[in-house]
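File shown here: my_file_19.tsv, holding TSV, C-alpha atoms.
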```
chain	number	residue	atom	x	y	z
A	1	MET	CA	55.26	-0.97	-66.11
A	2	VAL	CA	56.20	-1.97	-69.64
A	3	SER	CA	55.16	0.86	-71.91
A	4	GLN	CA	52.48	-0.01	-74.46
A	5	GLN	CA	53.47	2.80	-76.86
A	6	LEU	CA	56.76	1.23	-77.89
A	7	SER	CA	57.22	-0.34	-81.30
A	8	TYR	CA	57.34	-4.13	-81.02
A	9	GLY	CA	58.70	-5.11	-84.41
A	10	ASN	CA	56.27	-6.57	-86.93
A	11	ASN	CA	53.43	-7.20	-84.49
A	12	PRO	CA	52.85	-4.33	-82.07
A	13	ASP	CA	50.87	-6.62	-79.76
A	14	VAL	CA	53.74	-9.09	-79.17
A	15	LYS	CA	56.55	-8.32	-76.73
A	16	THR	CA	59.82	-10.16	-77.17
A	17	ILE	CA	61.66	-11.48	-74.15
A	18	LEU	CA	65.30	-12.15	-75.01
A	19	ILE	CA	67.14	-14.56	-72.73
A	20	LEU	CA	70.92	-14.35	-72.93
A	21	ALA	CA	72.69	-17.14	-71.06
A	22	ALA	CA	76.36	-17.79	-70.34
A	23	ASN	CA	78.04	-20.38	-68.15
A	24	PRO	CA	81.71	-20.60	-69.20
A	25	THR	CA	83.31	-24.02	-68.81
A	26	SER	CA	85.69	-22.95	-66.03
A	27	THR	CA	82.94	-21.41	-63.85
A	28	SER	CA	80.65	-23.20	-61.44
A	29	SER	CA	77.84	-24.98	-63.20
A	30	LEU	CA	74.45	-23.27	-63.20
A	31	ARG	CA	71.06	-24.75	-64.09
A	32	LEU	CA	70.39	-22.18	-66.82
A	33	ASP	CA	68.53	-24.74	-68.91
A	34	GLU	CA	66.11	-25.37	-66.04
A	35	GLU	CA	65.55	-21.63	-65.58
A	36	VAL	CA	64.75	-21.09	-69.26
A	37	ARG	CA	62.55	-24.20	-69.45
A	38	GLU	CA	60.52	-23.03	-66.45
A	39	ILE	CA	60.14	-19.51	-67.89
A	40	ASP	CA	59.06	-20.96	-71.24
A	41	GLU	CA	56.51	-23.28	-69.61
A	42	GLY	CA	55.11	-20.40	-67.57
A	43	LEU	CA	54.72	-18.22	-70.65
A	44	ARG	CA	53.03	-21.05	-72.59
A	45	ARG	CA	50.36	-21.54	-69.94
A	46	ALA	CA	49.76	-17.85	-69.22
A	47	ASN	CA	46.46	-16.13	-69.92
A	48	LYS	CA	48.20	-13.59	-72.15
A	49	ARG	CA	50.64	-16.03	-73.79
A	50	GLU	CA	49.88	-14.70	-77.28
A	51	GLU	CA	51.34	-11.34	-76.23
A	52	PHE	CA	54.86	-12.74	-75.67
A	53	LYS	CA	57.57	-14.31	-77.75
A	54	LEU	CA	60.59	-15.93	-76.09
A	55	GLU	CA	63.98	-15.80	-77.83
A	56	GLN	CA	67.04	-17.61	-76.42
A	57	LYS	CA	70.76	-17.23	-77.03
A	58	TRP	CA	73.23	-19.55	-75.30
A	59	ALA	CA	76.98	-19.41	-74.57
A	60	VAL	CA	76.76	-15.68	-75.12
A	61	ARG	CA	79.86	-13.74	-76.08
A	62	SER	CA	80.08	-9.95	-76.06
A	63	ARG	CA	79.22	-9.58	-79.74
A	64	ASP	CA	76.39	-12.12	-79.41
A	65	PHE	CA	74.86	-9.88	-76.75
A	66	TYR	CA	74.37	-6.87	-79.04
A	67	ARG	CA	73.73	-8.97	-82.16
A	68	ALA	CA	70.87	-10.75	-80.43
A	69	MET	CA	69.38	-7.43	-79.40
A	70	LEU	CA	69.67	-6.14	-82.98
A	71	ASP	CA	68.13	-9.32	-84.41
A	72	CYS	CA	65.35	-9.86	-81.86
A	73	GLN	CA	64.37	-6.24	-81.06
A	74	PRO	CA	63.33	-7.23	-77.50
A	75	GLN	CA	61.35	-5.22	-75.00
A	76	ILE	CA	62.65	-7.34	-72.11
A	77	VAL	CA	66.25	-8.56	-71.85
A	78	HIS	CA	67.06	-11.31	-69.35
A	79	PHE	CA	70.67	-12.25	-68.61
A	80	SER	CA	71.19	-15.53	-66.83
A	81	GLY	CA	74.65	-16.48	-65.64
A	82	HIS	CA	77.44	-15.35	-63.34
A	83	GLY	CA	78.13	-11.88	-62.01
A	84	ALA	CA	81.46	-10.61	-60.74
A	85	GLY	CA	80.47	-7.47	-58.86
A	86	GLN	CA	82.53	-4.41	-59.86
A	87	ASP	CA	84.25	-6.41	-62.61
A	88	GLY	CA	81.06	-7.05	-64.58
A	89	ILE	CA	78.87	-9.90	-65.69
A	90	VAL	CA	80.52	-13.04	-67.04
A	91	LEU	CA	80.07	-13.87	-70.69
A	92	GLU	CA	82.17	-16.29	-72.73
A	93	ASP	CA	85.05	-15.81	-75.11
A	94	GLU	CA	85.53	-17.79	-78.33
A	95	THR	CA	86.98	-20.74	-76.39
A	96	GLY	CA	84.25	-20.94	-73.75
A	97	GLN	CA	86.34	-19.22	-71.07
A	98	PRO	CA	85.06	-16.31	-68.94
A	99	ALA	CA	85.00	-12.86	-70.52
A	100	LEU	CA	83.78	-9.93	-68.45
A	101	ILE	CA	81.60	-7.11	-69.71
A	102	CYS	CA	81.74	-4.12	-67.39
A	103	ALA	CA	78.98	-1.83	-66.18
A	104	GLU	CA	80.15	1.06	-68.36
A	105	ALA	CA	80.01	-1.05	-71.53
A	106	LEU	CA	76.57	-2.40	-70.64
A	107	GLY	CA	75.30	1.08	-69.84
A	108	SER	CA	76.51	2.39	-73.21
A	109	MET	CA	74.97	-0.52	-75.08
A	110	PHE	CA	71.60	-0.18	-73.36
A	111	LYS	CA	71.64	3.57	-73.99
A	112	LEU	CA	71.45	2.71	-77.69
A	113	PHE	CA	68.83	-0.02	-77.30
A	114	ALA	CA	66.58	2.10	-75.08
A	115	THR	CA	65.68	3.98	-78.27
A	116	LYS	CA	64.82	0.63	-79.92
A	117	GLY	CA	62.23	-0.39	-77.36
A	118	VAL	CA	64.09	-2.18	-74.54
A	119	ASP	CA	62.13	-1.23	-71.45
A	120	CYS	CA	63.12	-3.87	-68.87
A	121	VAL	CA	66.38	-5.68	-68.08
A	122	LEU	CA	66.72	-8.51	-65.57
A	123	LEU	CA	70.25	-9.53	-64.60
A	124	ASN	CA	69.72	-12.88	-62.90
A	125	ALA	CA	73.36	-13.12	-61.81
A	126	CYS	CA	75.12	-12.83	-58.47
A	127	TYR	CA	76.46	-9.39	-57.57
A	128	SER	CA	75.00	-7.70	-60.67
A	129	LEU	CA	73.77	-4.55	-58.93
A	130	VAL	CA	76.64	-2.38	-60.24
A	131	GLN	CA	75.71	-3.29	-63.81
A	132	ALA	CA	71.99	-2.81	-63.09
A	133	GLU	CA	72.68	0.70	-61.80
A	134	ALA	CA	74.61	1.61	-64.97
A	135	ILE	CA	71.86	0.24	-67.21
A	136	SER	CA	69.14	2.00	-65.19
A	137	GLN	CA	70.49	5.35	-66.41
A	138	HIS	CA	68.86	4.49	-69.75
A	139	ILE	CA	66.26	1.75	-69.22
A	140	ASN	CA	63.03	2.21	-67.26
A	141	TYR	CA	63.11	-1.04	-65.30
A	142	VAL	CA	66.29	-2.87	-64.31
A	143	ILE	CA	66.72	-5.65	-61.79
A	144	GLY	CA	70.12	-6.72	-60.46
A	145	MET	CA	71.21	-8.89	-57.56
A	146	THR	CA	73.03	-7.56	-54.48
A	147	GLN	CA	74.47	-10.89	-53.35
A	148	THR	CA	74.96	-14.53	-54.22
A	149	VAL	CA	71.83	-16.14	-55.63
A	150	GLY	CA	71.49	-19.92	-55.61
A	151	ASP	CA	70.12	-21.80	-58.62
A	152	LYS	CA	66.79	-22.59	-56.97
A	153	ALA	CA	66.25	-19.00	-55.85
A	154	ALA	CA	67.23	-17.66	-59.29
A	155	VAL	CA	64.78	-20.00	-61.01
A	156	ALA	CA	62.00	-19.28	-58.51
A	157	PHE	CA	62.41	-15.53	-58.90
A	158	ALA	CA	62.51	-15.66	-62.71
A	159	VAL	CA	59.48	-17.94	-62.93
A	160	ALA	CA	57.40	-15.78	-60.57
A	161	PHE	CA	58.48	-12.60	-62.36
A	162	TYR	CA	57.50	-13.84	-65.82
A	163	ASP	CA	54.32	-15.54	-64.57
A	164	ALA	CA	53.18	-12.12	-63.33
A	165	ILE	CA	54.29	-10.30	-66.51
A	166	ALA	CA	52.48	-12.86	-68.70
A	167	ALA	CA	49.36	-12.48	-66.56
A	168	GLY	CA	49.32	-8.80	-67.52
A	169	GLU	CA	50.85	-7.38	-64.34
A	170	GLU	CA	53.21	-4.44	-64.30
A	171	VAL	CA	56.96	-4.82	-63.74
A	172	GLN	CA	56.84	-3.47	-60.16
A	173	PHE	CA	54.17	-6.03	-59.20
A	174	ALA	CA	56.15	-8.83	-60.88
A	175	TYR	CA	59.31	-7.79	-59.05
A	176	ASP	CA	57.56	-7.56	-55.67
```
Write the structure described by the file as structure tokens, please.
Amino acid sequence: MVSQQLSYGNNPDVKTILILAANPTSTSSLRLDEEVREIDEGLRRANKREEFKLEQKWAVRSRDFYRAMLDCQPQIVHFSGHGAGQDGIVLEDETGQPALICAEALGSMFKLFATKGVDCVLLNACYSLVQAEAISQHINYVIGMTQTVGDKAAVAFAVAFYDAIAAGEEVQFAYD
């Protein structure tokens, strides 16, 4: 359940969903644009659409990750991209090549942002469970993947999750 007592920036009735996407040039191509488009369309048609604002950041580097969270003050953070198991999730460096961010670094970052209102994190990336477990030490609701997730399955899961959230359902219901 996303807590209603958190501060949501200027308008306490609007929850910000921040989508951070990375697909470095040397990694297998993902349909991140399709995933975000489908999430956006679902939010636009939802009964409670006025309660959500969608922010997007693309080709995310490590510093973009925390800067976006500072700028957007999200309640829900969604990472879409590649995961590398124990090694971390795959962001980009300044040249568009893979740059890993490890579970420990993510856990530390989300420890800070838990006090700023982040209540749910979805890592829509293969083998992201290690990172999800580190983040869950500080954030109420965290979803990570235990195995490879194909593009269609990733999109289907994300769309269903946000359709339920935007219909006013709790995180557990949306996840199930």
Pick from A:His78, A:Lys48, A:Arg61, A:Lys116: nearest to A:Glu35, with only C-alpha atoms counted?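 Looking at the shortest contact to A:Glu35, the residue is A:His78.
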Using all atoms listed in the file, the best pick from A:Ile17, A:Val118, A:Ala103, A:Val36 as closest to A:Ala132 would be A:Ala103
- Task: Go through A:Ala160, A:Ile165, A:Val14, A:Ala21 one by one, measure the shortest atom-to-atom distance of each to A:Trp58 using all atoms listed in the file, and give the residue with the smallest value.
- Result: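 For A:Trp58, the nearest of the given residues is A:Ala21.
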Quiz item: Using all atoms listed in the file, which residues sit within 10 Å of stretch 79-94 of chain A once same-chain residues fewer than 3 positions away are excluded, as a ChimeraX atom specification?
Solution: /A:18-25,27-33,35-36,57-65,97-106,121-131,144-149,151,154-155,158
Quiz item: Residues at most 10 Å from A:Glu41, counting only C-alpha atoms, excluding those fewer than 5 positions away in the same chain, as JSON, numbers by chain?
Solution: {"A": [36, 46, 159, 163]}
- Enter the distance from atom CA of A:Asp71 to atom CA of A:Glu170, in Å, rounded to one decimal.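 Atom-to-atom, atom CA of A:Asp71 to atom CA of A:Glu170, that is 25.5 Å.
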Across A:His138, A:Lys111, A:Lys152, A:Arg37, the smallest distance to A:Leu54, with all atoms listed in the file counted, is shown by A:Arg37
For a quick check of understanding, using all atoms listed in the file, which of A:Thr16, A:Gly168, A:Ile76, A:Ala156 has the smallest distance to A:Ile139?
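Closest to A:Ile139, using all atoms listed in the file: A:Ile76.
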re atom CA of A:Ile39 and atom CA of A:Glu51: distance 14.6 Å
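Using all atoms listed in the file, the shortest contact distance between A:Gln73 and any of A:Ala153, A:Gly42, A:Gly117, A:Gly107 is found at A:Gly117.
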